[in-house]
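J.: Input file: data.txt. Contents: compact mmCIF, C-alpha atoms and all ligand atoms.
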```txt
# COMPACT_ATOMS: atom_id res chain seq x y z
CA MET A 169 -21.49 -13.17 58.17
CA SER A 170 -22.06 -16.81 59.27
CA ARG A 171 -19.25 -19.33 59.50
CA GLY A 172 -21.02 -21.53 56.88
CA SER A 173 -20.64 -18.93 54.15
CA HIS A 174 -16.84 -18.74 54.39
CA PRO A 175 -16.04 -21.58 51.99
CA ILE A 176 -18.38 -20.04 49.39
CA ILE A 177 -16.81 -16.62 49.80
CA ARG A 178 -13.35 -18.18 49.64
CA SER A 179 -14.25 -20.06 46.46
CA SER A 180 -15.75 -16.94 44.94
CA LEU A 181 -12.64 -14.94 45.77
CA LEU A 182 -10.44 -17.68 44.35
CA LEU A 183 -12.50 -17.85 41.18
CA GLY A 184 -12.40 -14.08 40.88
CA ALA A 185 -8.63 -14.07 41.31
CA ILE A 186 -8.23 -16.83 38.70
CA ALA A 187 -10.46 -14.92 36.29
CA LEU A 188 -8.44 -11.75 36.87
CA MET A 189 -5.15 -13.57 36.31
CA GLY A 190 -6.55 -15.17 33.17
CA THR A 191 -7.65 -11.81 31.84
CA ALA A 192 -4.28 -10.24 32.61
CA LEU A 193 -2.47 -13.15 30.95
CA LEU A 194 -4.68 -12.93 27.89
CA ALA A 195 -4.13 -9.18 27.68
CA SER A 196 -0.36 -9.53 27.77
CA VAL A 197 -0.39 -12.36 25.20
CA ASN A 198 -2.60 -10.12 23.08
CA ASP A 199 -0.15 -7.22 23.40
CA LEU A 200 2.78 -9.45 22.49
CA THR A 201 0.93 -10.89 19.50
CA ARG A 202 -0.08 -7.43 18.32
CA GLU A 203 3.51 -6.20 18.58
CA ARG A 204 4.72 -9.22 16.62
CA ILE A 205 2.06 -8.69 13.94
CA ILE A 206 3.03 -5.01 13.64
CA GLU A 207 6.73 -5.97 13.38
CA GLN A 208 5.97 -8.59 10.70
CA GLU A 209 3.82 -6.11 8.83
CA LYS A 210 6.62 -3.53 8.96
CA ARG A 211 9.11 -6.08 7.62
CA ARG A 212 6.70 -6.99 4.82
CA VAL A 213 6.18 -3.34 3.85
CA LEU A 214 9.92 -2.65 3.95
CA GLN A 215 10.53 -5.67 1.72
CA GLN A 216 8.01 -4.34 -0.77
CA LEU A 217 9.57 -0.90 -0.68
CA ASN A 218 13.06 -2.29 -1.10
CA ALA A 219 11.93 -4.29 -4.11
CA VAL A 220 11.35 -0.92 -5.75
CA ILE A 221 14.06 1.24 -4.18
CA PRO A 222 17.42 -0.37 -3.43
CA ALA A 223 18.26 -0.12 0.28
CA ALA A 224 21.68 1.34 -0.64
CA SER A 225 20.13 4.41 -2.25
CA TYR A 226 18.78 5.90 0.99
CA ASN A 227 19.90 6.02 4.61
CA ASN A 228 16.88 7.30 6.53
CA ASP A 229 14.28 5.27 8.39
CA LEU A 230 11.96 4.75 5.43
CA LEU A 231 9.08 3.35 7.46
CA GLY A 232 9.31 6.19 9.97
CA ASP A 233 9.60 8.96 7.39
CA VAL A 234 6.01 8.78 6.29
CA ILE A 235 3.08 11.09 5.69
CA GLU A 236 -0.48 10.67 4.56
CA VAL A 237 -2.05 12.79 1.87
CA ASP A 238 -5.79 13.30 1.69
CA ASP A 239 -6.99 14.37 -1.71
CA GLU A 240 -10.06 12.36 -2.62
CA THR A 241 -10.90 14.54 -5.61
CA PHE A 242 -7.49 14.15 -7.17
CA PHE A 243 -6.90 10.49 -6.35
CA GLN A 244 -10.56 9.59 -6.91
CA HIS A 245 -10.54 7.58 -3.70
CA PRO A 246 -11.31 8.47 -0.07
CA ALA A 247 -8.35 6.45 1.28
CA PRO A 248 -5.42 8.65 2.23
CA VAL A 249 -2.31 8.14 0.14
CA THR A 250 0.64 6.97 2.23
CA VAL A 251 3.97 8.41 1.18
CA TYR A 252 7.25 6.98 2.48
CA ARG A 253 10.10 9.41 1.85
CA ALA A 254 13.55 8.05 0.99
CA ARG A 255 16.45 10.40 1.77
CA MET A 256 20.21 10.15 1.58
CA ASP A 257 21.98 12.23 4.25
CA GLY A 258 18.79 14.27 4.54
CA LYS A 259 18.49 14.91 0.80
CA ALA A 260 15.27 13.81 -0.91
CA VAL A 261 15.79 10.69 -3.04
CA ALA A 262 12.36 9.26 -3.79
CA ALA A 263 8.73 9.15 -2.74
CA MET A 264 7.16 5.75 -2.33
CA MET A 265 3.44 6.34 -2.76
CA ILE A 266 0.74 3.85 -1.85
CA VAL A 267 -2.21 4.82 -4.02
CA THR A 268 -5.54 3.11 -4.58
CA ALA A 269 -7.06 2.69 -8.01
CA PRO A 270 -10.83 2.77 -7.43
CA ASP A 271 -11.78 1.32 -10.78
CA GLY A 272 -10.53 -2.24 -10.93
CA TYR A 273 -12.94 -4.84 -12.30
CA ASN A 274 -13.60 -5.98 -8.75
CA GLY A 275 -12.96 -2.69 -6.96
CA ASP A 276 -9.89 -1.24 -5.29
CA ILE A 277 -6.38 -2.03 -6.48
CA ARG A 278 -3.70 -0.83 -4.07
CA LEU A 279 -0.37 0.03 -5.63
CA LEU A 280 3.06 1.08 -4.60
CA ALA A 281 4.55 3.61 -6.99
CA GLY A 282 8.16 4.59 -6.31
CA ILE A 283 9.04 7.91 -7.91
CA ASP A 284 12.55 9.36 -7.76
CA ILE A 285 13.26 13.02 -7.17
CA SER A 286 13.56 13.68 -10.91
CA GLY A 287 10.01 12.37 -11.44
CA LYS A 288 11.08 9.03 -12.90
CA ILE A 289 9.37 5.83 -11.81
CA LEU A 290 11.63 3.47 -9.92
CA GLY A 291 9.04 0.76 -9.97
CA VAL A 292 5.40 -0.13 -9.43
CA ARG A 293 4.01 -3.09 -7.49
CA VAL A 294 0.44 -4.14 -6.85
CA VAL A 295 0.06 -4.39 -3.08
CA SER A 296 -3.46 -5.83 -3.03
CA HIS A 297 -6.33 -6.41 -5.44
CA LYS A 298 -9.41 -8.53 -6.04
CA GLU A 299 -9.11 -8.89 -9.81
CA THR A 300 -10.15 -12.12 -11.47
CA PRO A 301 -7.54 -14.89 -11.59
CA GLY A 302 -6.50 -15.54 -15.16
CA LEU A 303 -8.02 -12.27 -16.41
CA GLY A 304 -7.05 -9.23 -14.38
CA ASP A 305 -4.41 -10.69 -12.12
CA PRO A 306 -1.45 -10.32 -14.51
CA ILE A 307 -1.16 -6.88 -12.88
CA GLU A 308 0.65 -8.85 -10.13
CA LEU A 309 4.36 -9.40 -10.61
CA GLU A 310 3.86 -12.99 -9.44
CA LYS A 311 1.64 -13.59 -12.48
CA SER A 312 3.35 -11.56 -15.20
CA ASP A 313 6.06 -9.00 -15.92
CA TRP A 314 3.53 -6.43 -17.08
CA VAL A 315 4.03 -4.14 -14.08
CA ARG A 316 7.75 -3.87 -14.82
CA GLY A 317 6.79 -1.82 -17.86
CA PHE A 318 6.42 1.25 -15.62
CA ALA A 319 10.07 1.39 -14.56
CA ASN A 320 11.90 4.49 -15.86
CA ARG A 321 8.70 6.04 -17.14
CA SER A 322 7.85 9.64 -16.31
CA LEU A 323 5.34 12.32 -17.29
CA GLN A 324 7.44 12.94 -20.40
CA ASN A 325 7.85 9.26 -21.23
CA PRO A 326 5.27 8.78 -22.58
CA ASP A 327 3.39 12.06 -22.85
CA SER A 328 -0.07 12.33 -21.28
CA LYS A 329 -1.83 10.75 -24.28
CA GLY A 330 0.48 7.76 -23.98
CA TRP A 331 -0.46 7.24 -20.32
CA ALA A 332 -3.28 4.86 -21.22
CA VAL A 333 -3.66 1.27 -22.37
CA LYS A 334 -3.25 0.62 -26.09
CA ARG A 335 -6.97 0.03 -26.43
CA ASP A 336 -7.43 3.69 -25.39
CA GLY A 337 -4.68 4.98 -27.66
CA GLY A 338 -1.90 4.80 -25.08
CA GLN A 339 1.35 2.90 -24.78
CA PHE A 340 0.60 0.26 -22.16
CA ASP A 341 -0.51 -3.25 -23.04
CA GLN A 342 -3.86 -4.54 -21.89
CA PHE A 343 -4.39 -8.26 -21.34
CA THR A 344 -6.30 -10.63 -23.56
CA GLY A 345 -9.97 -10.18 -22.65
CA ALA A 346 -9.10 -7.90 -19.74
CA THR A 347 -8.65 -4.20 -20.25
CA ILE A 348 -10.27 -2.86 -17.11
CA SER A 349 -7.60 -3.92 -14.57
CA PRO A 350 -4.57 -2.65 -16.50
CA ARG A 351 -6.44 0.55 -17.40
CA ALA A 352 -7.13 1.19 -13.69
CA VAL A 353 -3.46 0.65 -12.81
CA VAL A 354 -2.12 2.84 -15.61
CA LYS A 355 -4.46 5.67 -14.63
CA ALA A 356 -3.55 5.42 -10.93
CA VAL A 357 0.19 5.44 -11.66
CA HIS A 358 -0.27 8.43 -13.94
CA ARG A 359 -2.16 10.25 -11.17
CA ALA A 360 0.66 9.49 -8.71
CA LEU A 361 3.16 11.00 -11.16
CA LEU A 362 1.03 14.10 -11.68
CA TYR A 363 0.59 14.54 -7.94
CA PHE A 364 4.30 14.13 -7.34
CA ALA A 365 5.19 16.67 -10.03
CA ALA A 366 2.83 19.26 -8.59
CA ASN A 367 3.63 18.68 -4.91
CA SER A 368 7.13 17.22 -4.59
CA GLN A 369 8.46 20.06 -2.41
CA GLU A 370 5.57 19.73 0.03
CA LEU A 371 5.75 15.93 -0.04
CA PHE A 372 9.30 16.01 1.28
CA ASP A 373 8.96 19.03 3.58
CA THR A 374 5.89 17.92 5.55
CA PRO A 375 6.93 16.58 8.96
CA ALA A 376 6.59 12.81 9.32
CA LYS A 377 3.62 11.42 11.17
CA THR A 378 3.02 8.05 12.75
CA VAL A 379 0.79 5.80 10.68
CA ASN A 380 0.18 2.07 10.54
CA ALA A 381 2.87 0.17 8.68
CA ASP A 382 0.43 -1.00 6.04
CA GLY A 383 -0.62 2.58 5.33
C1 LIG B 1 -16.53 -13.17 -14.69
C2 LIG B 1 -15.71 -12.10 -15.36
C3 LIG B 1 -14.60 -11.62 -14.71
C4 LIG B 1 -13.82 -10.64 -15.31
N1 LIG B 1 -12.72 -10.17 -14.65
C5 LIG B 1 -12.00 -9.19 -15.20
C6 LIG B 1 -10.88 -8.64 -14.53
O1 LIG B 1 -10.51 -9.03 -13.42
N2 LIG B 1 -10.21 -7.65 -15.16
C7 LIG B 1 -10.55 -7.16 -16.38
O2 LIG B 1 -9.88 -6.25 -16.87
N3 LIG B 1 -11.58 -7.66 -17.04
C8 LIG B 1 -12.32 -8.67 -16.49
N4 LIG B 1 -13.38 -9.17 -17.17
C9 LIG B 1 -13.64 -8.69 -18.52
C10 LIG B 1 -14.36 -7.36 -18.54
O3 LIG B 1 -15.70 -7.55 -18.30
C11 LIG B 1 -14.20 -6.65 -19.89
O4 LIG B 1 -14.90 -7.39 -20.85
C12 LIG B 1 -12.79 -6.54 -20.32
O5 LIG B 1 -11.99 -6.00 -19.34
C13 LIG B 1 -12.72 -5.69 -21.55
O6 LIG B 1 -11.53 -6.06 -22.15
P1 LIG B 1 -11.45 -6.26 -23.69
O7 LIG B 1 -11.89 -4.96 -24.25
O8 LIG B 1 -10.02 -6.59 -23.90
O9 LIG B 1 -12.38 -7.38 -23.99
C14 LIG B 1 -14.18 -10.16 -16.58
C15 LIG B 1 -15.30 -10.65 -17.22
C16 LIG B 1 -16.06 -11.61 -16.62
C17 LIG B 1 -17.28 -12.12 -17.34
```
What does the file become when written as C-alpha cells?
T.:
Amino acid sequence: MSRGSHPIIRSSLLLGAIALMGTALLASVNDLTRERIIEQEKRRVLQQLNAVIPAASYNNDLLGDVIEVDDETFFQHPAPVTVYRARMDGKAVAAMMIVTAPDGYNGDIRLLAGIDISGKILGVRVVSHKETPGLGDPIELEKSDWVRGFANRSLQNPDSKGWAVKRDGGQFDQFTGATISPRAVVKAVHRALLYFAANSQELFDTPAKTVNADG
C-alpha cells in the first residue's frame, strides 16, 4: 500500500462510517416511529371499542384478549374476523367482532359489532368503507344516526326475516337512492350475530393470540 493512497482510504473509511451511522440512526428513528404508530393505532382501536362497550363494564386488557377467526364461507370474505373479548373478573361480558361486508357499493365495508354475552348488540360502528359520499356514507355515525338502530337488537329482535332492509322486507331503513350500502351492513351484522350464537363458547375459550391492533 503506497503512502499516497492513505488519504483516499481514510476518506473512504470515514464515508463508510458516516453511512453506517446514518443507517443506524435511520433504523432507530424508524423503530421509534413504528412503535408510536402502533401505540396510536391501539389507542384509536380502544376508543372505537369503548364507544360501543363502556370501559366500566369489563376489566381485562381488551386489546390483548383477541383472537382471529377464519371462516371465509360463513363470513363471505377471506379476511379473518378479529374478535376482542371483554371480560369482568374473568367472566365473559361481550365479543367485539370486526367483520367485513364484502358487498358494499364500492367494495369492502369493515364494521365493529359489539355483542354481549346474551347475544344482544351493544353497538355497531363502521370502521372503514369506500361508499359514495352523499349516497352510501350515512352508514357512518359521523354522517347519520342510522347505525345506532342496531343497538339492543338480537337474533330474536327482529327475527331472521326482519334482518334485512325494508326494501327487502326487513326492518332496517335504506337510504334515499342507496340500498346497497345499508343492505351490506345489515347482512354483515346479522352474520356476526349468527356466528356468535353458534360459537360463543369457543369464541371466549380460545386462547388469545397476538395480532395487529387494527385487526
Ligand atoms: C355514481 C353512483 C354511486 C353510487 N353509490 C352508491 C353507494 O355508495 N351506496 C348505495 O347503496 N348505492 C349507491 N348508488 C346507487 C346504486 O347504484 C343503486 O341504484 C341503489 O343502491 C339502489 O337503491 P334504490 O333501490 O333505493 O334506488 C350509486 C349510484 C351511482 C350512479
J.: Could you give me, as a PyMOL selection string, every polymer residue with an atom at most 10 Å away from an atom of ligand LIG 1 (chain B), counting all atoms listed in the file?
T.: chain A and resi 271-275+297-307+335-336+342-352
J.: Looking at all atoms listed in the file, which of A:Leu231, A:Ile289, A:Val249, A:Lys311 is the one that sits closest to A:Gln216?
T.: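 Of A:Leu231, A:Ile289, A:Val249, A:Lys311, the one nearest A:Gln216 is A:Leu231, counting all atoms listed in the file.
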J.: Env of A:Gly317: 12 Å cut, atoms = all atoms listed in the file, seq-sep filter 3 positions within chain, self excluded. Answer as an MDAnalysis selection string.
T.: chainID A and resid 289:293 307 309 312:314 320:322 325:326 331 333 339:342 350 353:354 357
J.: To one decimal place in Å, what is the distance between atom CA of A:Ala376 and atom CA of A:Ser296?
T.: 24.5 Å
J.: Using only C-alpha atoms for the distances, tell me which of A:Thr201, A:Thr250, A:Gln208, A:Thr268 is nearest to A:Ala356.
T.: A:Thr268
J.: Which is closer to A:Ala263 than all the others in A:Ala185, A:Ile285, A:Leu214, A:Ala319, using only C-alpha atoms?
T.: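 Result for the nearest residue to A:Ala263: A:Ile285.
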J.: Can you tell me which residues surround A:Gln215 at a distance of at most 12 Å, considering all atoms listed in the file, apart from same-chain residues fewer than 6 positions away, and format the answer as a PyMOL selection string?
T.: chain A and resi 208-209+221-223+230-231+280+293+295+381-382
